[in-house]
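Enquirer: Could you have a look at this structure, given as C-alpha cells, before my questions?
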Amino acid sequence: MKITFWGAAQEVTGSMHLCEVASAQYLLDCGQFQGRRHEAEERNRNIPFPAGEVSAVMLSHAHIDHSGNLPLLVKNGFRGPIYSTPATVDLCHAMLADSAQIQERDAAFLNKRRSRRKAIGANVDNGEIMPVYSMEDVDLTYPLFHKISIHEPAALGPGVKYESFEAGHMLGSTFIRVHAEESGRAVRILYSGDLGRPGLPIIRDPEPPPAADYLIVESTYGDRLHQPIRSVANRLAEVINRTYERGGHLIVPAFAVGRTQQLVLIIHELIDAQKIPAFPIYVDSPLALDVTEVFRRHEELFDEEARRYLANGGEPFGFKRLKYLRSVEESKALNGLRGPYIVIASSGMCEAGRILHHLKNGIEDSRNTVLLTGYCAQNTLGRKIEEKRTLVPVFGELMRLRAGVEKLDELSGHADQRELLEWIGPIASGLRRIFLVHGEPDQQAALKDAIVDRFKLDVEMPSRGETFEL
Ligand SMILES: [Zn+2]
C-alpha cells in the first residue's frame, strides 16, 4: 500500500494524492495548480502518472485547486468514476465549464495581444497559447461524476471503500476516510481536504474526525491564528465606508464559490442595519450566479443562522442594491461608471477571470481599495498585491499599485493552527503518522512543531512526487 503526493506538496495549490492499493490506483482530488505562469502551464498540462490506470477519484470539494484538472485527467485517458457529494457535483458542473471558458478566453486575449505587438515589430515569442482543456473535455467529464451523500459508505474497488464527512469549508465540502485492505492487512487513511472553521457564515461547522491510522491534513494556516469571525462585519463596514468617503471603488477578488455568497450575505446585513450606505454592488461573474443557484438548491447544507434567515422570508443572496452581471458587455460597462461602487469578481488569487480587468482599470487610482478575502498562494498576483509591491503585473504589464489594500482573513475557509490541533486531538493517540499537505514550508514547519510538541507524533512534509509505504 502506497501513497504519492503529486500536488499541494509544500505548497497550497494543485491538490492531487495517489493511493495504490492491491495494484489499483485511486486519486484523492485532482486540482489545478496556480502560481508562476510558466510553472502553472507545465503543471496543468501534464498529469504526472498514467491517467488511464486510475480506477476512481474521490473529490473532497469543488474548489478549482482540488477539482480543476479533472477534465485534464479525462483528456489523458481516465474513464473511471469520480465520487463526491451532490452539492459538490452540482458545483463542479458550473465551475469546470467556467474554468474551460476562462482558459479559452485568457488564451485568446494573450494571443491577440501577441499578434498586435508582432504587427508593430515588437520582439515576441512565437508560441501560440492554447487552453489546457476545452469545453469538450469538460463535457466528457460530467458523466463520470457519481453523487454520494455525506456518511454514505461507497465501495471503490477490491478491498477499498470510503466515506465522507462535513468539512465546514464550503458548500458540499468533505473530509474523506479511505478503508484499504491488502494481503489481509487493513489501513484507514483520513484526508482532511480543506478543513473549515466553526462559525463561518451559511455553511455548517466541521465534524470531528473518525479514527484513522494515517492522517493527511491541510496546513494552509499552520502557523497562524485568525481573528474571531464575529469581528468580520465591522471590519468590512470600516473598509467599505472609508472607500465610499474617498469616492472610490471597492474591488473584491473572491472565490466565486462560497466566499462571494458569504460576502453578499454580510453586505446585505450591513445595509439592513444601516452600517454602510446603500450604494451599488456588482457581482461580476456568470459563475457566481450559477453557483448561487446551486446554493439555493442545497439549503439542507446551511447552518442554523442561514436557515433562520430563510425562514424569516430573507433572501440571503439577492437584494435591491445588488446586481449579478452575466455578460461581458455588462462587465465592461462598469469601467465607465463614476462614483463609488463595490465589485466582487473571481478569481480570489487574481490569477484569471474578470477580476483582472477591474484591477487593470482600478489599481492605479488611490481612491480605490482592493479587498483580499482569502489565501493568496506564492507568486500569484493576489500575493503581490497583498505584499503591496509598488509595481504589480496585470496581464503581463507592470502597473503602479496606488489603490489601498486590505485583507479580510476572518472569512478564511481554512482552520488556523489552534483549530487544526483541536480537530486532530480526539484521534491523535491512534495515529501512526501525519502527512502535512496544502501549506507553504514555513506554515508546515510551524504546524509540525506544534503537533510534535502536543501529540508526540511522527509528522512528514512530503515533497512533490514523494511516495510513502503505508
Ligand atoms: Zn478549498
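In the C-alpha cells, chains take letters A, B, ... by order of appearance, with residues numbered from 1 within each chain and ligands from 1 in the order shown.
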Do you know which residues are within 9 Å of ligand 1 using only C-alpha atoms and all ligand atoms? Can you write them as a list in words?

Expert: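 The residues near ligand 1 are Ser60, His61, Ala62, His63, Ile64, Asp65, His66, His169, Met170, Ser173, Gly193, Asp194, Leu195, Gly196, Gly413 and His414 of chain A.
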
Enquirer: Would you export the selected residues with N, CA, C and O atoms as a JSON list (two decimals), in the first residue's frame, please?

Expert:
```json
[["chain", "number", "residue", "atom", "x", "y", "z"],
["A", 60, "SER", "N", -12.83, 15.88, -2.65],
["A", 60, "SER", "CA", -13.21, 16.42, -1.33],
["A", 60, "SER", "C", -14.17, 17.59, -1.45],
["A", 60, "SER", "O", -15.09, 17.72, -0.66],
["A", 61, "HIS", "N", -13.93, 18.49, -2.40],
["A", 61, "HIS", "CA", -14.83, 19.64, -2.59],
["A", 61, "HIS", "C", -14.58, 20.28, -3.95],
["A", 61, "HIS", "O", -13.67, 19.90, -4.66],
["A", 62, "ALA", "N", -15.40, 21.27, -4.28],
["A", 62, "ALA", "CA", -15.45, 21.75, -5.67],
["A", 62, "ALA", "C", -14.41, 22.80, -6.02],
["A", 62, "ALA", "O", -14.26, 23.12, -7.19],
["A", 63, "HIS", "N", -13.71, 23.38, -5.05],
["A", 63, "HIS", "CA", -12.75, 24.44, -5.41],
["A", 63, "HIS", "C", -11.82, 23.96, -6.51],
["A", 63, "HIS", "O", -11.39, 22.81, -6.52],
["A", 64, "ILE", "N", -11.46, 24.90, -7.38],
["A", 64, "ILE", "CA", -10.76, 24.56, -8.61],
["A", 64, "ILE", "C", -9.36, 23.99, -8.33],
["A", 64, "ILE", "O", -8.85, 23.17, -9.10],
["A", 65, "ASP", "N", -8.76, 24.38, -7.20],
["A", 65, "ASP", "CA", -7.43, 23.83, -6.88],
["A", 65, "ASP", "C", -7.55, 22.40, -6.33],
["A", 65, "ASP", "O", -6.55, 21.78, -5.98],
["A", 66, "HIS", "N", -8.77, 21.87, -6.27],
["A", 66, "HIS", "CA", -8.99, 20.46, -5.91],
["A", 66, "HIS", "C", -9.68, 19.68, -7.04],
["A", 66, "HIS", "O", -9.55, 18.47, -7.12],
["A", 169, "HIS", "N", -15.96, 23.81, 5.08],
["A", 169, "HIS", "CA", -15.03, 24.70, 4.36],
["A", 169, "HIS", "C", -15.78, 25.47, 3.27],
["A", 169, "HIS", "O", -15.53, 26.64, 3.04],
["A", 170, "MET", "N", -16.69, 24.82, 2.59],
["A", 170, "MET", "CA", -17.57, 25.46, 1.62],
["A", 170, "MET", "C", -18.78, 24.54, 1.42],
["A", 170, "MET", "O", -18.79, 23.43, 1.95],
["A", 173, "SER", "N", -18.48, 20.61, 1.00],
["A", 173, "SER", "CA", -17.09, 20.18, 1.25],
["A", 173, "SER", "C", -17.02, 19.04, 2.26],
["A", 173, "SER", "O", -17.82, 18.97, 3.18],
["A", 193, "GLY", "N", -8.96, 17.08, 3.21],
["A", 193, "GLY", "CA", -9.37, 18.05, 2.18],
["A", 193, "GLY", "C", -8.99, 19.42, 2.70],
["A", 193, "GLY", "O", -7.95, 19.58, 3.34],
["A", 194, "ASP", "N", -9.83, 20.42, 2.46],
["A", 194, "ASP", "CA", -9.63, 21.72, 3.10],
["A", 194, "ASP", "C", -10.55, 21.75, 4.31],
["A", 194, "ASP", "O", -11.75, 21.57, 4.19],
["A", 195, "LEU", "N", -9.95, 21.99, 5.47],
["A", 195, "LEU", "CA", -10.73, 21.94, 6.71],
["A", 195, "LEU", "C", -11.17, 23.35, 7.09],
["A", 195, "LEU", "O", -10.33, 24.25, 7.21],
["A", 196, "GLY", "N", -12.48, 23.53, 7.26],
["A", 196, "GLY", "CA", -13.02, 24.84, 7.58],
["A", 196, "GLY", "C", -12.88, 25.16, 9.05],
["A", 196, "GLY", "O", -12.10, 24.54, 9.78],
["A", 413, "GLY", "N", -11.71, 30.23, 4.83],
["A", 413, "GLY", "CA", -12.37, 28.93, 4.91],
["A", 413, "GLY", "C", -11.47, 27.87, 5.52],
["A", 413, "GLY", "O", -11.83, 26.70, 5.55],
["A", 414, "HIS", "N", -10.28, 28.27, 5.98],
["A", 414, "HIS", "CA", -9.32, 27.29, 6.49],
["A", 414, "HIS", "C", -9.09, 27.45, 7.99],
["A", 414, "HIS", "O", -8.88, 28.57, 8.48]]
```

Enquirer: With a distance cut-off of 6 Å and only C-alpha atoms, select the neighbouring residues of A:Ile281, excluding the residue or stretch itself and same-chain residues fewer than 3 positions from it, and output the selection as a list in words.

Expert: Leu322, Tyr341, Ile342 and Val343 of chain A

Enquirer: So which one's closest to A:Ser99, A:Leu144, A:Val12, A:Val138, A:Ala155? Using only C-alpha atoms, please.

Expert: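 Of A:Leu144, A:Val12, A:Val138, A:Ala155, the one nearest A:Ser99 is A:Val138, counting only C-alpha atoms.
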
Enquirer: Hey, what's within 10 Å of A:Ile102 if we count only C-alpha atoms and toss same-chain stuff fewer than 6 positions away? As a VMD selection string, please?

Expert: chain A and resid 96 108 131 134 352 to 354

Enquirer: What does the distance from atom CA of A:Ile424 to atom CA of A:Ile203 come to in Å, to one decimal?

Expert: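 Pair atom CA of A:Ile424 / atom CA of A:Ile203 returns 20.8 Å.
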
Enquirer: Enumerate the residues of stretch 124-162 of chain A with a DSSP assignment of alpha helix (DSSP H), computed from the backbone, and present them as number ranges by chain.

Expert: A: 135-141

Enquirer: Write the residues of the preceding selection, restricted to N, CA, C and O atoms, as a compact mmCIF listing (two decimals), in the first residue's frame.

Expert:
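out.txt written:
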```txt
# COMPACT_ATOMS: atom_id res chain seq x y z
N MET A 135 -14.05 22.88 -23.55
CA MET A 135 -15.40 22.52 -23.14
C MET A 135 -15.71 21.05 -23.51
O MET A 135 -16.45 20.38 -22.80
N GLU A 136 -15.10 20.57 -24.60
CA GLU A 136 -15.32 19.17 -24.99
C GLU A 136 -14.82 18.21 -23.89
O GLU A 136 -15.47 17.22 -23.58
N ASP A 137 -13.64 18.53 -23.33
CA ASP A 137 -13.10 17.69 -22.24
C ASP A 137 -14.01 17.75 -21.02
O ASP A 137 -14.21 16.76 -20.33
N VAL A 138 -14.56 18.94 -20.77
CA VAL A 138 -15.46 19.10 -19.63
C VAL A 138 -16.73 18.27 -19.85
O VAL A 138 -17.21 17.59 -18.94
N ASP A 139 -17.25 18.30 -21.08
CA ASP A 139 -18.44 17.52 -21.40
C ASP A 139 -18.20 16.01 -21.21
O ASP A 139 -19.10 15.28 -20.83
N LEU A 140 -16.97 15.58 -21.48
CA LEU A 140 -16.65 14.16 -21.29
C LEU A 140 -16.51 13.81 -19.80
O LEU A 140 -16.63 12.66 -19.40
N THR A 141 -16.24 14.82 -18.99
CA THR A 141 -16.03 14.60 -17.54
C THR A 141 -17.37 14.45 -16.80
O THR A 141 -17.49 13.63 -15.89
```
